[in-house]
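The file my_file-v9.tsv contains TSV, C-alpha atoms:
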```tsv
chain	number	residue	atom	x	y	z
A	117	MET	CA	194.14	40.04	222.93
A	118	ALA	CA	194.56	42.82	225.46
A	119	THR	CA	196.87	40.97	227.77
A	120	PRO	CA	199.11	42.75	230.22
A	121	LEU	CA	202.72	42.88	229.30
A	122	ARG	CA	204.58	40.16	231.14
A	123	SER	CA	207.58	42.06	232.33
A	124	SER	CA	210.07	41.14	234.99
A	125	ALA	CA	210.97	44.80	235.35
A	126	ALA	CA	208.10	45.50	237.74
A	127	ASP	CA	209.31	42.83	240.16
A	128	ARG	CA	212.75	44.29	240.62
A	129	THR	CA	213.28	46.62	243.52
A	130	ARG	CA	216.83	47.63	242.70
A	131	PRO	CA	218.43	48.99	239.57
A	132	THR	CA	220.28	46.39	237.56
A	133	VAL	CA	223.50	46.46	235.55
A	134	TRP	CA	221.36	46.90	232.44
A	135	ASP	CA	219.85	50.04	233.89
A	136	GLY	CA	223.39	51.31	234.24
A	137	LEU	CA	223.90	50.57	230.57
A	138	VAL	CA	220.81	52.63	229.68
A	139	VAL	CA	222.19	55.51	231.74
A	140	LEU	CA	225.57	55.15	230.07
A	141	VAL	CA	224.04	55.19	226.58
A	142	ILE	CA	222.05	58.34	227.39
A	143	LEU	CA	225.12	60.01	228.87
A	144	LEU	CA	227.14	59.15	225.78
A	145	LEU	CA	224.39	60.45	223.48
A	146	ALA	CA	224.10	63.67	225.47
A	147	GLY	CA	227.87	64.11	225.45
A	148	ALA	CA	228.19	63.41	221.75
A	149	LEU	CA	225.38	65.79	220.88
A	150	PHE	CA	226.80	68.46	223.16
A	151	ALA	CA	230.22	68.13	221.55
A	152	ALA	CA	228.71	68.17	218.06
A	153	LEU	CA	226.75	71.34	218.76
A	154	LEU	CA	229.49	73.16	220.62
A	155	PRO	CA	231.66	74.62	217.87
A	156	LYS	CA	228.85	75.55	215.51
A	157	GLU	CA	226.73	78.60	215.26
A	158	THR	CA	223.29	77.36	216.11
A	159	GLY	CA	221.47	80.66	215.96
A	160	GLY	CA	220.07	79.92	219.39
A	161	SER	CA	219.64	83.55	220.24
A	162	LEU	CA	218.45	86.10	217.72
A	163	THR	CA	219.28	89.74	217.38
A	164	LEU	CA	216.91	92.03	215.56
A	165	LEU	CA	218.47	94.71	213.46
A	166	VAL	CA	216.33	97.65	212.39
A	167	THR	CA	217.68	99.55	209.43
A	168	LEU	CA	216.03	102.75	208.17
A	169	ASP	CA	217.24	104.24	204.92
A	170	GLY	CA	220.49	102.30	205.20
A	171	GLU	CA	221.17	103.40	208.75
A	172	GLU	CA	220.97	101.12	211.73
A	173	ILE	CA	218.47	102.70	214.10
A	174	GLY	CA	217.93	99.88	216.51
A	175	ARG	CA	219.27	96.56	217.73
A	176	TYR	CA	217.30	94.27	220.00
A	177	ASP	CA	218.34	91.05	221.68
A	178	LEU	CA	215.21	88.98	221.17
A	179	ASP	CA	216.17	86.51	223.89
A	180	GLU	CA	215.70	89.29	226.38
A	181	ALA	CA	212.49	90.55	224.83
A	182	ALA	CA	209.34	89.62	226.72
A	183	GLU	CA	206.55	87.96	224.77
A	184	GLY	CA	204.46	90.63	223.11
A	185	THR	CA	206.82	93.57	223.55
A	186	LEU	CA	205.68	96.36	221.28
A	187	VAL	CA	208.15	98.82	219.85
A	188	THR	CA	207.11	101.88	217.87
A	189	ILE	CA	209.42	102.85	215.05
A	190	GLU	CA	209.53	106.45	213.95
A	191	ALA	CA	209.55	106.24	210.19
A	192	PRO	CA	207.81	108.15	207.41
A	193	TYR	CA	204.92	105.76	207.98
A	194	PRO	CA	205.07	104.92	211.70
A	195	MET	CA	204.92	101.25	212.49
A	196	THR	CA	204.71	99.05	215.54
A	197	ILE	CA	206.70	95.87	215.70
A	198	GLU	CA	206.12	93.05	218.13
A	199	LEU	CA	209.13	91.34	219.64
A	200	SER	CA	209.15	87.87	221.12
A	201	PRO	CA	211.99	85.51	222.04
A	202	ARG	CA	211.10	83.49	218.95
A	203	GLY	CA	211.09	86.28	216.44
A	204	VAL	CA	209.57	89.50	215.31
A	205	ARG	CA	206.66	90.71	213.25
A	206	VAL	CA	205.13	93.96	212.17
A	207	ALA	CA	202.01	94.39	214.30
A	208	GLU	CA	200.72	97.67	212.89
A	209	THR	CA	201.78	99.93	210.12
A	210	ALA	CA	200.54	103.12	208.57
A	211	CYS	CA	202.13	102.41	205.24
A	212	PRO	CA	199.90	102.09	202.14
A	213	HIS	CA	200.22	98.43	201.34
A	214	GLY	CA	200.83	96.78	204.68
A	215	ASP	CA	202.83	94.01	203.04
A	216	CYS	CA	205.26	94.07	205.93
A	217	ALA	CA	202.48	93.25	208.37
A	218	ALA	CA	201.13	90.56	206.08
A	219	ALA	CA	204.54	88.90	206.04
A	220	GLY	CA	203.88	87.71	209.58
A	221	TRP	CA	206.52	86.42	211.91
A	222	ILE	CA	210.13	85.84	211.02
A	223	ASP	CA	212.04	83.61	213.34
A	224	ARG	CA	215.24	82.50	211.67
A	225	ALA	CA	218.63	84.08	211.40
A	226	GLY	CA	219.01	85.69	208.00
A	227	GLU	CA	215.30	86.32	207.51
A	228	GLN	CA	214.07	89.81	206.77
A	229	ILE	CA	210.94	91.87	206.62
A	230	VAL	CA	211.19	94.73	204.22
A	231	CYS	CA	208.93	97.78	204.20
A	232	LEU	CA	209.57	99.47	200.91
A	233	PRO	CA	207.60	102.69	201.48
A	234	ASN	CA	209.60	103.28	204.64
A	235	ARG	CA	212.82	101.88	203.24
A	236	LEU	CA	212.97	99.94	206.43
A	237	ILE	CA	214.46	96.53	206.93
A	238	LEU	CA	213.96	94.27	209.91
A	239	SER	CA	216.56	91.55	209.82
A	240	LEU	CA	217.36	88.75	212.19
A	241	GLU	CA	220.92	87.84	212.97
A	242	GLY	CA	221.94	84.61	214.61
A	243	GLU	CA	224.38	84.84	217.42
A	244	GLU	CA	227.19	82.50	218.13
A	245	THR	CA	225.72	80.61	221.01
A	246	THR	CA	228.40	80.76	223.60
A	247	ASP	CA	225.67	80.64	226.21
A	248	ILE	CA	225.30	76.87	226.12
A	249	ASP	CA	226.91	76.69	229.51
A	250	VAL	CA	224.21	78.93	230.86
A	251	VAL	CA	221.54	76.59	229.52
A	252	ILE	CA	222.88	73.75	231.65
A	253	GLY	CA	222.64	76.03	234.64
B	232	MET	CA	186.22	46.45	225.33
B	233	PRO	CA	184.57	45.24	228.54
B	234	VAL	CA	183.09	47.97	230.70
B	235	ARG	CA	185.53	47.07	233.47
B	236	ARG	CA	188.56	47.81	231.32
B	237	LEU	CA	186.93	50.88	229.85
B	238	THR	CA	186.31	52.41	233.26
B	239	ARG	CA	189.82	51.54	234.34
B	240	CYS	CA	191.21	53.34	231.30
B	241	ALA	CA	188.97	56.32	232.01
B	242	VAL	CA	190.10	56.54	235.63
B	243	LEU	CA	193.74	56.25	234.59
B	244	THR	CA	193.26	58.97	231.97
B	245	ALA	CA	191.75	61.25	234.61
B	246	LEU	CA	194.62	60.42	236.94
B	247	ALA	CA	197.23	61.15	234.28
B	248	LEU	CA	195.49	64.44	233.53
B	249	ALA	CA	195.40	65.40	237.20
B	250	LEU	CA	199.05	64.48	237.63
B	251	SER	CA	200.16	66.61	234.72
B	252	VAL	CA	198.10	69.55	235.98
B	253	CYS	CA	199.59	69.15	239.49
B	254	GLU	CA	203.03	69.00	237.96
B	255	GLY	CA	202.35	72.26	236.18
B	256	LEU	CA	201.74	73.90	239.56
B	257	PHE	CA	205.30	73.16	240.65
B	258	PRO	CA	207.33	73.72	237.53
B	259	LEU	CA	210.86	72.36	237.72
B	260	THR	CA	211.85	75.12	235.35
B	261	VAL	CA	212.00	77.41	238.36
B	262	LEU	CA	215.02	75.43	239.55
B	263	PHE	CA	216.52	74.86	236.11
B	264	PRO	CA	215.56	77.34	233.41
B	265	LEU	CA	215.36	74.71	230.72
B	266	PRO	CA	212.42	74.70	228.30
B	267	GLY	CA	210.54	71.43	228.31
B	268	LEU	CA	211.85	70.24	231.66
B	269	ARG	CA	209.19	68.34	233.60
B	270	LEU	CA	209.12	65.68	236.26
B	271	GLY	CA	206.95	63.48	234.06
B	272	LEU	CA	204.50	62.28	236.68
B	273	ALA	CA	201.95	61.37	234.03
B	274	ASN	CA	204.51	58.86	232.83
B	275	LEU	CA	203.69	56.84	235.95
B	276	VAL	CA	200.30	56.13	234.48
B	277	THR	CA	201.84	55.05	231.18
B	278	VAL	CA	204.19	52.64	232.97
B	279	TYR	CA	201.33	51.29	235.07
B	280	ALA	CA	199.07	50.86	232.06
B	281	LEU	CA	201.82	49.11	230.11
B	282	CYS	CA	202.50	46.68	232.97
B	283	ARG	CA	198.95	46.00	234.11
B	284	LEU	CA	196.74	46.67	231.10
B	285	SER	CA	198.11	46.51	227.57
B	286	GLY	CA	200.08	48.53	225.07
B	287	ARG	CA	196.90	49.39	223.20
B	288	GLU	CA	195.20	50.72	226.30
B	289	ALA	CA	198.31	52.60	227.38
B	290	LEU	CA	198.27	54.25	223.96
B	291	ALA	CA	194.58	55.14	224.25
B	292	ILE	CA	195.14	56.66	227.69
B	293	LEU	CA	198.14	58.64	226.47
B	294	VAL	CA	196.37	60.09	223.43
B	295	ALA	CA	193.25	60.94	225.45
B	296	ARG	CA	195.40	62.59	228.11
B	297	CYS	CA	197.27	64.72	225.57
B	298	PHE	CA	194.09	65.93	223.86
B	299	LEU	CA	192.22	66.60	227.09
B	300	GLY	CA	195.27	68.28	228.59
B	301	ASN	CA	195.37	70.50	225.56
B	302	LEU	CA	191.78	71.56	226.23
B	303	LEU	CA	192.72	72.49	229.80
B	304	GLY	CA	195.34	74.90	228.64
B	305	GLY	CA	197.61	74.96	225.71
B	306	ASN	CA	197.70	75.42	222.00
B	307	LEU	CA	198.32	73.30	218.96
B	308	THR	CA	202.07	73.59	219.42
B	309	ALA	CA	201.84	72.31	222.99
B	310	LEU	CA	199.75	69.39	221.72
B	311	ALA	CA	202.36	68.55	219.10
B	312	PHE	CA	205.07	68.60	221.79
B	313	SER	CA	203.25	66.42	224.28
B	314	LEU	CA	202.00	63.94	221.68
B	315	THR	CA	205.37	63.46	220.00
B	316	GLY	CA	207.16	63.14	223.31
B	317	GLY	CA	204.53	60.89	224.83
B	318	LEU	CA	204.29	58.54	221.87
B	319	LEU	CA	208.04	58.17	221.60
B	320	ALA	CA	208.32	57.48	225.33
B	321	LEU	CA	205.50	54.94	225.16
B	322	GLY	CA	207.13	53.13	222.24
B	323	VAL	CA	210.55	52.99	223.85
B	324	MET	CA	209.17	51.81	227.20
B	325	ALA	CA	206.92	49.17	225.63
B	326	LEU	CA	210.00	47.84	223.84
B	327	LEU	CA	212.29	47.92	226.88
B	328	LEU	CA	209.71	46.28	229.16
B	329	ARG	CA	209.95	43.20	226.95
B	330	LEU	CA	213.68	42.93	227.51
B	331	PRO	CA	214.82	40.84	230.41
B	332	GLY	CA	217.29	42.35	232.83
B	333	LEU	CA	216.03	45.90	233.10
B	334	SER	CA	214.29	47.31	236.14
B	335	LEU	CA	211.67	50.04	236.06
B	336	TYR	CA	214.44	52.55	236.76
B	337	GLY	CA	216.09	51.88	233.42
B	338	VAL	CA	212.78	51.66	231.57
B	339	SER	CA	211.56	54.93	233.04
B	340	ILE	CA	214.84	56.75	232.43
B	341	ALA	CA	214.83	55.63	228.80
B	342	GLY	CA	211.20	56.76	228.57
B	343	ALA	CA	212.02	60.19	229.97
B	344	ALA	CA	214.94	60.55	227.56
B	345	ALA	CA	212.71	59.49	224.67
B	346	HIS	CA	210.06	62.00	225.75
B	347	ASN	CA	212.58	64.83	225.78
B	348	THR	CA	213.96	63.77	222.41
B	349	GLY	CA	210.45	63.75	220.96
B	350	GLN	CA	209.73	67.19	222.34
B	351	VAL	CA	212.89	68.64	220.88
B	352	LEU	CA	212.20	67.01	217.51
B	353	ALA	CA	208.68	68.46	217.53
B	354	ALA	CA	210.12	71.87	218.42
B	355	MET	CA	212.56	71.63	215.53
B	356	VAL	CA	209.73	70.82	213.11
B	357	VAL	CA	207.42	73.53	214.47
B	358	LEU	CA	210.11	76.22	214.48
B	359	ASP	CA	211.67	74.86	211.30
B	360	ALA	CA	215.07	75.40	212.87
B	361	ARG	CA	217.88	73.40	214.36
B	362	ALA	CA	218.12	75.71	217.34
B	363	PRO	CA	216.05	73.61	219.81
B	364	LEU	CA	218.63	70.81	219.49
B	365	VAL	CA	220.83	72.84	221.81
B	366	TYR	CA	218.46	72.00	224.65
B	367	LEU	CA	218.62	68.25	224.13
B	368	PRO	CA	221.91	67.38	225.91
B	369	PRO	CA	220.96	69.16	229.16
B	370	LEU	CA	217.44	67.73	228.90
B	371	LEU	CA	218.88	64.23	228.51
B	372	LEU	CA	220.98	64.72	231.64
B	373	CYS	CA	217.90	65.88	233.54
B	374	SER	CA	215.93	62.87	232.27
B	375	LEU	CA	218.33	60.63	234.19
B	376	VAL	CA	217.14	62.26	237.40
B	377	THR	CA	213.44	62.69	236.57
B	378	GLY	CA	213.21	59.24	234.95
B	379	GLY	CA	214.96	57.64	237.91
B	380	ALA	CA	212.57	59.32	240.34
B	381	THR	CA	209.41	58.36	238.45
B	382	GLY	CA	210.82	54.87	237.89
B	383	GLY	CA	211.23	54.39	241.62
B	384	VAL	CA	207.70	55.60	242.27
B	385	ALA	CA	206.33	53.38	239.49
B	386	GLY	CA	208.03	50.39	241.12
B	387	LEU	CA	206.45	51.19	244.48
B	388	LEU	CA	203.07	51.66	242.82
B	389	LEU	CA	203.16	48.35	240.96
B	390	ARG	CA	204.25	46.40	244.02
B	391	ARG	CA	201.68	47.94	246.35
B	392	LEU	CA	198.68	47.82	244.05
B	393	PRO	CA	197.12	44.37	243.74
B	394	GLU	CA	197.19	42.77	240.32
B	395	LYS	CA	193.43	42.35	240.24
B	396	ALA	CA	191.84	45.66	240.98
```
How does this structure look as structure tokens?
Amino acid sequence: MATPLRSSAADRTRPTVWDGLVVLVILLLAGALFAALLPKETGGSLTLLVTLDGEEIGRYDLDEAAEGTLVTIEAPYPMTIELSPRGVRVAETACPHGDCAAAGWIDRAGEQIVCLPNRLILSLEGEETTDIDVVIG
Amino acid sequence: MPVRRLTRCAVLTALALALSVCEGLFPLTVLFPLPGLRLGLANLVTVYALCRLSGREALAILVARCFLGNLLGGNLTALAFSLTGGLLALGVMALLLRLPGLSLYGVSIAGAAAHNTGQVLAAMVVLDARAPLVYLPPLLLCSLVTGGATGGVAGLLLRRLPEKA
């Protein structure tokens, strides 16, 4: 039952017209997808907004953050947050409950980690990805 | 499965593994900073196995390669990426090899495109976000080049290696 696939493809040394068709289909798909994604906000790059007591005390472009970057936040209960290109989490906190650390990673625009004792909010904002051209490089 | 076939599968699995490790030493992402961009040398083994062994054995080699490769370095996410991409590429190529008219260039290019699509889909599921989709169009364009290159090599390989090994 385990017979080799009888394919004529292996005998051809040159690309055929049908190969061209495959290339064309892929090009069309890539083009269509590119066009479909272009005008929308995809949230490709995330910005972390740190708000303490209603005041913005920090803003970090997560795309530029190296994996495992630790940032200490001076708050009533000091905390350490870990930045990564994919998101952010609270790594260590001195606050009583530690719910913010237990929340784990957030990685989507619009998500938040809230530390009530500190009245601190970490929120992720999506950015309009105008950097698609850069991705093609 | 006769011992002869079994050993052939084992050797091909080892070869695929070695190829993907070698490939990791010269990451294409240095030239193009595009996540998921690879030459896809291990795909050569899949093409060879599909043409000279069988779909079932190609599948066994692929799955074994992904799991063993994961042991060599990687995490569960990397496994999900390589399995999804690899399985999709295998399926598409097995289908296209049955069509008359295509050469290995077209088959391999379609396989590379399928692999990239699978990877991006896996990334979307793992990250639970649509964001990775942004990488698909440039990855598809790159797959034309990488798939064409591996397709050419696969053709050479199949013509040079005797049918009965």
Pairwise distance, atom CA of B:Ile292 with atom CA of B:Thr244, equals 5.2 Å
Here atom CA of B:Thr308 and atom CA of B:Ile340 stand apart by 24.8 Å
Worksheet entry | Exercise: stretch 377-390 of chain B partners within 12 Å, only C-alpha atoms, chain neighbours under 4 positions left out, as a PyMOL selection string | (chain A and resi 123-131+135-136+138-139+142) or (chain B and resi 259+268-284+320+324+333-347+370-373+394-396)
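Each of B:Gly255, B:Gly349, B:Pro368, B:Gly300 was checked against chain A using all atoms listed in the file; the smallest atom-to-atom distance is that of B:Pro368.
Residue nearest B:Ala245 within the list B:Ala289, B:Pro258, B:Leu299, B:Ser374: B:Leu299 [criterion: smallest interatomic distance, all atoms listed in the file].
Nearest residue to B:Ser285 among B:Ala309, B:Ala325, B:Leu330, B:Leu367 is B:Ala325, counting all atoms listed in the file.
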A:Glu172 environment, 10 Å, only C-alpha atoms, sequence neighbours closer than 5 positions dropped, as a PyMOL selection string: chain A and resi 165-167+236-238
Could you dump the residues just selected with C-alpha atoms as an mmCIF file, keeping the file's coordinate frame?
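This is the output file again.cif:
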```cif
data_model
loop_
_atom_site.group_PDB
_atom_site.id
_atom_site.type_symbol
_atom_site.label_atom_id
_atom_site.label_comp_id
_atom_site.auth_asym_id
_atom_site.auth_seq_id
_atom_site.Cartn_x
_atom_site.Cartn_y
_atom_site.Cartn_z
ATOM 1 C CA LEU A 165 218.470 94.710 213.460
ATOM 2 C CA VAL A 166 216.330 97.650 212.390
ATOM 3 C CA THR A 167 217.680 99.550 209.430
ATOM 4 C CA LEU A 236 212.970 99.940 206.430
ATOM 5 C CA ILE A 237 214.460 96.530 206.930
ATOM 6 C CA LEU A 238 213.960 94.270 209.910
#
```
**Message:** So that I can see what lies close to A:Ile197, please list as a VMD selection string the residues with an atom at most 12 Å from it, counting all atoms listed in the file and leaving out residues fewer than 2 positions away in the same chain.
**Reply:** chain A and resid 164 166 174 176 184 to 190 194 to 195 199 to 200 203 to 210 216 to 217 220 to 222 229 231 236 to 238
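Taking atom CA of B:Val351 and atom CA of A:Ala146 as endpoints, the distance between them is 13.1 Å.
Distances from B:Gln350, B:Thr315, B:Ser251, B:Thr238 to B:Val294 were compared using all atoms listed in the file, and the smallest one belongs to B:Thr315.
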In terms of all atoms listed in the file, the residue from B:Ala354, B:Leu290, B:Ala241, B:Leu303 at minimal distance from B:Gly267 is B:Ala354
